>>> print(open('run05.cif').read())   # mmCIF, C-alpha atoms
data_run
#
loop_
_atom_site.group_PDB
_atom_site.id
_atom_site.type_symbol
_atom_site.label_atom_id
_atom_site.label_comp_id
_atom_site.auth_asym_id
_atom_site.auth_seq_id
_atom_site.Cartn_x
_atom_site.Cartn_y
_atom_site.Cartn_z
ATOM 1 C CA MET A 1 -68.304 -2.981 -53.686
ATOM 2 C CA HIS A 2 -71.118 -4.242 -51.505
ATOM 3 C CA LEU A 3 -70.697 -4.493 -47.747
ATOM 4 C CA ALA A 4 -71.128 -8.271 -47.910
ATOM 5 C CA ALA A 5 -68.161 -8.539 -50.287
ATOM 6 C CA PHE A 6 -66.109 -6.148 -48.174
ATOM 7 C CA ILE A 7 -66.421 -8.269 -45.015
ATOM 8 C CA LYS A 8 -66.436 -11.573 -46.978
ATOM 9 C CA GLN A 9 -69.773 -12.459 -45.473
ATOM 10 C CA LYS A 10 -70.260 -16.137 -44.699
ATOM 11 C CA SER A 11 -73.389 -18.041 -45.729
ATOM 12 C CA TYR A 12 -74.858 -18.160 -42.182
ATOM 13 C CA GLU A 13 -73.839 -14.614 -41.331
ATOM 14 C CA LYS A 14 -76.211 -11.638 -41.094
ATOM 15 C CA ILE A 15 -75.099 -8.031 -40.849
ATOM 16 C CA LEU A 16 -76.893 -6.650 -37.810
ATOM 17 C CA TYR A 17 -75.339 -3.220 -37.256
ATOM 18 C CA VAL A 18 -73.295 -0.845 -39.403
ATOM 19 C CA LEU A 19 -72.065 1.853 -37.053
ATOM 20 C CA ARG A 20 -70.558 5.138 -38.186
ATOM 21 C CA HIS A 21 -69.771 8.345 -36.323
ATOM 22 C CA HIS A 22 -72.776 10.446 -35.350
ATOM 23 C CA TRP A 23 -73.404 13.203 -37.898
ATOM 24 C CA ILE A 24 -73.231 15.927 -35.239
ATOM 25 C CA THR A 25 -69.494 15.267 -34.828
ATOM 26 C CA PHE A 26 -68.957 16.445 -38.412
ATOM 27 C CA VAL A 27 -70.600 19.831 -37.777
ATOM 28 C CA PRO A 28 -67.397 21.554 -36.471
ATOM 29 C CA ILE A 29 -65.613 20.537 -39.668
ATOM 30 C CA ALA A 30 -68.501 21.868 -41.765
ATOM 31 C CA VAL A 31 -68.424 25.175 -39.862
ATOM 32 C CA LEU A 32 -64.639 25.429 -40.374
ATOM 33 C CA PHE A 33 -65.207 24.772 -44.083
ATOM 34 C CA LEU A 34 -67.737 27.631 -44.303
ATOM 35 C CA ILE A 35 -65.372 30.006 -42.492
ATOM 36 C CA LEU A 36 -62.490 29.099 -44.810
ATOM 37 C CA MET A 37 -64.777 29.594 -47.825
ATOM 38 C CA ALA A 38 -65.727 33.082 -46.621
ATOM 39 C CA ILE A 39 -62.110 34.292 -46.260
ATOM 40 C CA PRO A 40 -61.491 35.051 -49.989
ATOM 41 C CA PHE A 41 -64.703 37.090 -50.176
ATOM 42 C CA ALA A 42 -63.677 39.108 -47.119
ATOM 43 C CA LEU A 43 -60.223 39.622 -48.618
ATOM 44 C CA TYR A 44 -61.780 40.742 -51.903
ATOM 45 C CA PHE A 45 -63.737 43.488 -50.134
ATOM 46 C CA LEU A 46 -60.592 44.555 -48.281
ATOM 47 C CA VAL A 47 -58.445 44.620 -51.421
ATOM 48 C CA SER A 48 -61.080 46.408 -53.524
ATOM 49 C CA SER A 49 -61.398 49.159 -50.898
ATOM 50 C CA LEU A 50 -57.737 49.521 -49.829
ATOM 51 C CA PHE A 51 -55.758 48.508 -52.941
ATOM 52 C CA PRO A 52 -58.045 48.880 -55.973
ATOM 53 C CA ALA A 53 -55.004 49.255 -58.261
ATOM 54 C CA LEU A 54 -54.228 45.562 -57.695
ATOM 55 C CA LEU A 55 -57.490 44.598 -59.361
ATOM 56 C CA GLU A 56 -56.991 46.990 -62.265
ATOM 57 C CA ASN A 57 -53.506 45.745 -63.127
ATOM 58 C CA GLN A 58 -53.841 42.801 -65.517
ATOM 59 C CA ILE A 59 -50.979 40.748 -64.074
ATOM 60 C CA SER A 60 -51.917 41.053 -60.399
ATOM 61 C CA TYR A 61 -55.596 40.506 -61.212
ATOM 62 C CA ALA A 62 -54.892 37.272 -63.116
ATOM 63 C CA MET A 63 -52.606 35.986 -60.366
ATOM 64 C CA LEU A 64 -55.132 36.852 -57.661
ATOM 65 C CA VAL A 65 -57.918 35.038 -59.538
ATOM 66 C CA LEU A 66 -55.756 31.938 -60.082
ATOM 67 C CA PHE A 67 -54.618 31.947 -56.465
ATOM 68 C CA ALA A 68 -58.192 32.323 -55.179
ATOM 69 C CA SER A 69 -59.350 29.488 -57.438
ATOM 70 C CA ALA A 70 -56.527 27.224 -56.227
ATOM 71 C CA TYR A 71 -57.374 28.162 -52.628
ATOM 72 C CA PHE A 72 -61.039 27.171 -53.097
ATOM 73 C CA LEU A 73 -60.088 23.862 -54.702
ATOM 74 C CA ALA A 74 -57.645 23.153 -51.873
ATOM 75 C CA ILE A 75 -60.465 23.813 -49.366
ATOM 76 C CA TYR A 76 -62.727 21.362 -51.192
ATOM 77 C CA LEU A 77 -59.986 18.740 -51.121
ATOM 78 C CA PHE A 78 -59.382 19.313 -47.416
ATOM 79 C CA PHE A 79 -63.124 19.034 -46.711
ATOM 80 C CA PHE A 80 -63.396 15.878 -48.821
ATOM 81 C CA THR A 81 -60.439 14.314 -46.989
ATOM 82 C CA ARG A 82 -61.975 15.072 -43.589
ATOM 83 C CA PHE A 83 -65.251 13.555 -44.762
ATOM 84 C CA ILE A 84 -63.431 10.387 -45.858
ATOM 85 C CA GLU A 85 -61.768 10.105 -42.450
ATOM 86 C CA PHE A 86 -65.120 10.711 -40.740
ATOM 87 C CA TYR A 87 -67.324 8.487 -42.876
ATOM 88 C CA LEU A 88 -65.030 5.521 -43.447
ATOM 89 C CA ASP A 89 -64.679 4.734 -39.741
ATOM 90 C CA ILE A 90 -67.125 1.830 -39.603
ATOM 91 C CA THR A 91 -67.911 -0.822 -37.050
ATOM 92 C CA ILE A 92 -69.787 -3.776 -38.544
ATOM 93 C CA VAL A 93 -71.513 -6.234 -36.236
ATOM 94 C CA THR A 94 -72.793 -9.529 -37.557
ATOM 95 C CA ASN A 95 -74.244 -12.489 -35.689
ATOM 96 C CA ASP A 96 -70.769 -14.075 -35.779
ATOM 97 C CA ARG A 97 -68.112 -11.396 -35.518
ATOM 98 C CA LEU A 98 -67.303 -7.743 -35.138
ATOM 99 C CA MET A 99 -65.218 -5.793 -37.610
ATOM 100 C CA ASP A 100 -63.797 -2.364 -36.876
ATOM 101 C CA VAL A 101 -62.473 -0.293 -39.760
ATOM 102 C CA GLU A 102 -60.555 2.782 -38.692
ATOM 103 C CA GLN A 103 -59.549 5.278 -41.390
ATOM 104 C CA ARG A 104 -56.735 7.124 -39.618
ATOM 105 C CA SER A 105 -55.769 9.261 -42.603
ATOM 106 C CA LEU A 106 -56.162 9.080 -46.345
ATOM 107 C CA PHE A 107 -53.536 6.366 -46.806
ATOM 108 C CA SER A 108 -53.717 4.752 -43.399
ATOM 109 C CA ARG A 109 -56.432 2.262 -42.482
ATOM 110 C CA SER A 110 -56.607 -0.246 -39.664
ATOM 111 C CA ILE A 111 -59.060 -3.181 -39.629
ATOM 112 C CA SER A 112 -59.680 -5.249 -36.508
ATOM 113 C CA GLU A 113 -61.827 -8.336 -36.445
ATOM 114 C CA LEU A 114 -62.912 -10.478 -33.547
ATOM 115 C CA ASP A 115 -65.380 -13.282 -32.956
ATOM 116 C CA LEU A 116 -68.318 -12.301 -30.775
ATOM 117 C CA TYR A 117 -67.813 -15.157 -28.305
ATOM 118 C CA ARG A 118 -64.380 -13.725 -27.413
ATOM 119 C CA ILE A 119 -65.917 -10.515 -26.091
ATOM 120 C CA GLN A 120 -65.486 -10.298 -22.326
ATOM 121 C CA ASP A 121 -66.388 -6.715 -21.454
ATOM 122 C CA VAL A 122 -68.260 -3.952 -23.220
ATOM 123 C CA THR A 123 -68.200 -0.405 -21.872
ATOM 124 C CA SER A 124 -70.170 2.561 -23.161
ATOM 125 C CA ASP A 125 -69.154 6.174 -22.398
ATOM 126 C CA VAL A 126 -71.212 9.281 -23.012
ATOM 127 C CA HIS A 127 -69.381 12.502 -22.101
ATOM 128 C CA GLY A 128 -70.426 16.087 -22.637
ATOM 129 C CA VAL A 129 -73.523 18.157 -23.289
ATOM 130 C CA PHE A 130 -73.776 17.436 -26.999
ATOM 131 C CA ALA A 131 -73.111 13.730 -26.514
ATOM 132 C CA THR A 132 -75.885 13.546 -23.912
ATOM 133 C CA PHE A 133 -78.447 15.455 -25.947
ATOM 134 C CA PHE A 134 -77.685 13.757 -29.247
ATOM 135 C CA ASN A 135 -77.088 10.348 -27.598
ATOM 136 C CA TYR A 136 -73.698 9.384 -28.977
ATOM 137 C CA GLY A 137 -70.519 8.141 -27.325
ATOM 138 C CA THR A 138 -67.762 5.560 -27.198
ATOM 139 C CA VAL A 139 -68.152 1.809 -26.996
ATOM 140 C CA SER A 140 -65.064 -0.094 -25.824
ATOM 141 C CA ILE A 141 -64.914 -3.821 -26.370
ATOM 142 C CA LYS A 142 -62.394 -5.917 -24.467
ATOM 143 C CA THR A 143 -61.388 -9.466 -25.202
ATOM 144 C CA ALA A 144 -59.165 -11.937 -23.353
ATOM 145 C CA SER A 145 -56.358 -11.137 -25.765
ATOM 146 C CA ASN A 146 -54.084 -8.197 -24.933
ATOM 147 C CA ASN A 147 -53.692 -7.398 -28.618
ATOM 148 C CA ILE A 148 -57.242 -6.796 -29.722
ATOM 149 C CA ASN A 149 -59.412 -4.248 -27.946
ATOM 150 C CA VAL A 150 -61.862 -2.438 -30.169
ATOM 151 C CA VAL A 151 -62.963 1.118 -29.445
ATOM 152 C CA ALA A 152 -65.744 2.659 -31.529
ATOM 153 C CA HIS A 153 -65.837 6.449 -31.071
ATOM 154 C CA ASP A 154 -68.830 8.809 -31.367
ATOM 155 C CA ILE A 155 -71.354 6.190 -32.388
ATOM 156 C CA PRO A 156 -75.110 6.742 -31.959
ATOM 157 C CA ARG A 157 -77.019 4.983 -29.151
ATOM 158 C CA PRO A 158 -73.939 3.554 -27.391
ATOM 159 C CA ASN A 159 -75.941 2.093 -24.502
ATOM 160 C CA LYS A 160 -78.222 0.186 -26.829
ATOM 161 C CA ILE A 161 -75.202 -1.061 -28.798
ATOM 162 C CA ARG A 162 -73.505 -2.166 -25.579
ATOM 163 C CA GLU A 163 -76.558 -4.202 -24.533
ATOM 164 C CA ALA A 164 -76.870 -5.706 -28.001
ATOM 165 C CA LEU A 165 -73.185 -6.711 -28.060
ATOM 166 C CA ILE A 166 -73.403 -8.399 -24.657
ATOM 167 C CA GLN A 167 -76.477 -10.315 -25.797
ATOM 168 C CA LEU A 168 -74.885 -11.311 -29.105
ATOM 169 C CA ALA A 169 -71.667 -12.400 -27.344
ATOM 170 C CA ASP A 170 -73.685 -14.604 -24.956
ATOM 171 C CA GLN A 171 -75.592 -16.180 -27.839
ATOM 172 C CA ASP A 172 -72.406 -16.804 -29.820
ATOM 173 C CA ARG A 173 -70.694 -18.288 -26.773
ATOM 174 C CA LYS A 174 -73.591 -20.748 -26.291
ATOM 175 C CA TYR A 175 -73.373 -21.729 -29.950
ATOM 176 C CA HIS A 176 -69.629 -22.382 -29.688
ATOM 177 C CA ILE A 177 -69.986 -24.334 -26.406
ATOM 178 C CA HIS A 178 -72.617 -26.489 -28.136
ATOM 179 C CA ASP A 179 -70.130 -27.006 -30.976
ATOM 180 C CA ALA A 180 -67.356 -27.936 -28.550
ATOM 181 C CA THR A 181 -69.696 -30.418 -26.806
ATOM 182 C CA LEU A 182 -70.579 -32.080 -30.109
ATOM 183 C CA ASN A 183 -66.917 -32.453 -31.050
ATOM 184 C CA GLU A 184 -66.027 -34.274 -27.810
ATOM 185 C CA MET B 1 -33.927 41.421 -65.407
ATOM 186 C CA ILE B 2 -35.685 38.104 -65.005
ATOM 187 C CA GLN B 3 -39.033 37.890 -66.766
ATOM 188 C CA ILE B 4 -41.434 35.052 -67.375
ATOM 189 C CA PRO B 5 -44.652 35.098 -69.383
ATOM 190 C CA LEU B 6 -47.901 35.129 -67.408
ATOM 191 C CA TYR B 7 -48.955 31.764 -68.828
ATOM 192 C CA VAL B 8 -46.333 30.078 -66.593
ATOM 193 C CA PHE B 9 -48.686 30.724 -63.667
ATOM 194 C CA LEU B 10 -51.506 29.256 -65.715
ATOM 195 C CA PHE B 11 -49.434 26.076 -66.200
ATOM 196 C CA VAL B 12 -48.780 25.907 -62.456
ATOM 197 C CA TYR B 13 -52.517 26.263 -61.879
ATOM 198 C CA LEU B 14 -53.227 23.505 -64.405
ATOM 199 C CA LEU B 15 -50.688 21.282 -62.659
ATOM 200 C CA PHE B 16 -52.505 21.937 -59.389
ATOM 201 C CA LEU B 17 -55.772 20.967 -61.138
ATOM 202 C CA VAL B 18 -54.235 17.632 -62.131
ATOM 203 C CA VAL B 19 -53.161 16.988 -58.522
ATOM 204 C CA PHE B 20 -56.662 17.953 -57.345
ATOM 205 C CA LEU B 21 -58.228 15.541 -59.828
ATOM 206 C CA ILE B 22 -55.931 12.688 -58.763
ATOM 207 C CA PHE B 23 -56.735 13.143 -55.079
ATOM 208 C CA SER B 24 -60.457 13.441 -55.803
ATOM 209 C CA LEU B 25 -60.365 10.142 -57.679
ATOM 210 C CA ILE B 26 -58.464 8.562 -54.773
ATOM 211 C CA HIS B 27 -61.218 9.748 -52.416
ATOM 212 C CA VAL B 28 -63.927 8.248 -54.626
ATOM 213 C CA TYR B 29 -61.925 5.013 -54.830
ATOM 214 C CA HIS B 30 -61.745 4.866 -51.016
ATOM 215 C CA ILE B 31 -65.507 5.296 -50.745
ATOM 216 C CA ILE B 32 -66.172 2.488 -53.220
ATOM 217 C CA ALA B 33 -63.465 0.142 -51.885
ATOM 218 C CA THR B 34 -64.801 0.271 -48.316
ATOM 219 C CA ALA B 35 -68.413 -0.357 -49.373
ATOM 220 C CA SER B 36 -69.333 3.154 -48.229
ATOM 221 C CA LEU B 37 -71.203 4.235 -51.351
ATOM 222 C CA THR B 38 -74.415 5.319 -49.643
ATOM 223 C CA LEU B 39 -76.833 8.178 -50.263
ATOM 224 C CA THR B 40 -74.840 10.333 -47.831
ATOM 225 C CA SER B 41 -71.484 9.751 -49.504
ATOM 226 C CA PHE B 42 -73.023 10.146 -52.969
ATOM 227 C CA LEU B 43 -74.600 13.495 -52.015
ATOM 228 C CA PHE B 44 -71.309 14.648 -50.531
ATOM 229 C CA CYS B 45 -69.368 13.683 -53.663
ATOM 230 C CA PHE B 46 -71.967 15.493 -55.744
ATOM 231 C CA LEU B 47 -71.614 18.597 -53.561
ATOM 232 C CA ILE B 48 -67.827 18.634 -54.011
ATOM 233 C CA PHE B 49 -68.213 18.038 -57.754
ATOM 234 C CA PHE B 50 -70.782 20.847 -58.026
ATOM 235 C CA LEU B 51 -68.600 23.306 -56.074
ATOM 236 C CA THR B 52 -65.611 22.381 -58.239
ATOM 237 C CA ILE B 53 -67.538 23.028 -61.461
ATOM 238 C CA ILE B 54 -68.824 26.368 -60.121
ATOM 239 C CA THR B 55 -65.289 27.411 -59.122
ATOM 240 C CA LEU B 56 -63.760 26.424 -62.465
ATOM 241 C CA TYR B 57 -66.560 28.202 -64.366
ATOM 242 C CA ALA B 58 -66.113 31.345 -62.256
ATOM 243 C CA THR B 59 -62.335 31.231 -62.832
ATOM 244 C CA MET B 60 -62.792 30.933 -66.598
ATOM 245 C CA SER B 61 -65.361 33.712 -66.726
ATOM 246 C CA LEU B 62 -63.140 36.081 -64.708
ATOM 247 C CA LEU B 63 -60.139 35.578 -66.985
ATOM 248 C CA PRO B 64 -61.342 35.935 -70.571
ATOM 249 C CA ASP B 65 -59.525 39.161 -71.531
ATOM 250 C CA ILE B 66 -56.124 38.358 -70.065
ATOM 251 C CA ASP B 67 -53.132 38.507 -72.395
ATOM 252 C CA TRP B 68 -51.224 35.466 -71.137
ATOM 253 C CA LYS B 69 -48.069 36.434 -73.015
ATOM 254 C CA THR B 70 -47.636 39.534 -70.862
ATOM 255 C CA PRO B 71 -44.173 39.382 -69.269
ATOM 256 C CA VAL B 72 -44.002 39.259 -65.463
ATOM 257 C CA THR B 73 -40.839 40.730 -63.968
ATOM 258 C CA LEU B 74 -39.542 38.513 -61.187
ATOM 259 C CA LEU B 75 -36.311 40.388 -60.529
ATOM 260 C CA ASP B 76 -35.090 43.749 -61.745
ATOM 261 C CA ALA B 77 -31.599 44.983 -60.924
ATOM 262 C CA SER B 78 -32.904 48.512 -60.422
ATOM 263 C CA TRP B 79 -34.828 47.247 -57.368
ATOM 264 C CA LEU B 80 -31.510 46.570 -55.645
ATOM 265 C CA GLY B 81 -29.841 49.713 -57.017
ATOM 266 C CA GLY B 82 -29.936 51.798 -53.866
ATOM 267 C CA LEU B 83 -29.462 48.887 -51.480
ATOM 268 C CA PHE B 84 -25.693 48.906 -51.114
ATOM 269 C CA SER B 85 -24.972 52.561 -51.850
ATOM 270 C CA PRO B 86 -23.793 54.666 -48.875
#
>>> encode(input="run05.cif", output="structure tokens")
Amino acid sequence: MHLAAFIKQKSYEKILYVLRHHWITFVPIAVLFLILMAIPFALYFLVSSLFPALLENQISYAMLVLFASAYFLAIYLFFFTRFIEFYLDITIVTNDRLMDVEQRSLFSRSISELDLYRIQDVTSDVHGVFATFFNYGTVSIKTASNNINVVAHDIPRPNKIREALIQLADQDRKYHIHDATLNE
Amino acid sequence: MIQIPLYVFLFVYLLFLVVFLIFSLIHVYHIIATASLTLTSFLFCFLIFFLTIITLYATMSLLPDIDWKTPVTLLDASWLGGLFSP
């Protein structure tokens, strides 16, 4: 499915930004994955030195191989799931609206949509050493409504995005005021 | 004495493989359904697929000479023989 079909892009609409989490925020998960992958190899060296009879017995050997294989596949699935949760958090900004897709878990997704002219405040936060060096942070978007406030976490260049959103909101507001004036 | 053939564990493993396949397909579906099929997601899917193939190949090559009909004793009364004696 193309992004245009996903957001049901209108004829006058242009996709300006597609924001995902900064890649550096996935590194801890990748490191955890590598550590979990190394555990069976470490256990193999332990077992082969301390309990070599386990590897010589046909039954225990077969069960250990099957268990290790299932463990590796479970790790891959876990890693894949974490990637899905990381990568499918998207914030799409067009010249007309903003759409925030939050993949909370594998079977839980929340989509918020708001028109740009409704944006009242945009705040960008950059906290921490890594966030400062790699230039990523949180952008919080507030509207007049109490129900819809969009927060995009760990996105690259949050200050630039904040400035762009303010500018786009102003432009959209002028367009809608012009529309309202014409309708009177 | 309760005994089961070794291939029961192979069936459990195959059942786990089916579950793994189902969840992997669900992941791929999520990527396509949210218009997230990019170079990054494609490379990641390929990495997972490659690791899966390597793991399955290694599993098959480590288990060629196993006699799957070998009985596995789950419970033997003689294990509890001295448990309740004074």
>>> axis_aligned_box(input="run05.cif", around="segment 87-102 of chain A", padding_each_side="4 Å", output="lines of an AutoDock Vina configuration file")
center_x = -67.4
center_y = -2.8
center_z = -39.3
size_x = 21.7
size_y = 30.6
size_z = 16.3
>>> interface_residues(input="run05.cif", of="chain A", to="chain B", cutoff="6 Å", atoms="all atoms listed in the file", output="PyMOL selection string")
chain A and resi 1-3
>>> closest_residue(input="run05.cif", among="A:Arg97, A:Gln103, A:Met37, A:Tyr117", to="Leu73 of chain A", atoms="only C-alpha atoms")
A:Met37
>>> resolve_selection(input="run05.cif", expression="the PyMOL selection byres ((chain A and resi 22) around 9)", output="MDAnalysis selection string")
chainID A and resid 19:21 23:26 134:137 154:156
>>> residues_near_point(input="run05.cif", point="(-67.0, -11.8, -30.0)", cutoff="7 Å", atoms="all atoms listed in the file", output="list in words")
Arg97, Leu98, Leu114, Asp115, Leu116, Tyr117, Arg118, Ile119 and Ala169 of chain A
>>> atom_distance(input="run05.cif", atom1="atom CA of Pro5 of chain B", atom2="atom CA of Lys69 of chain B")
5.2 Å
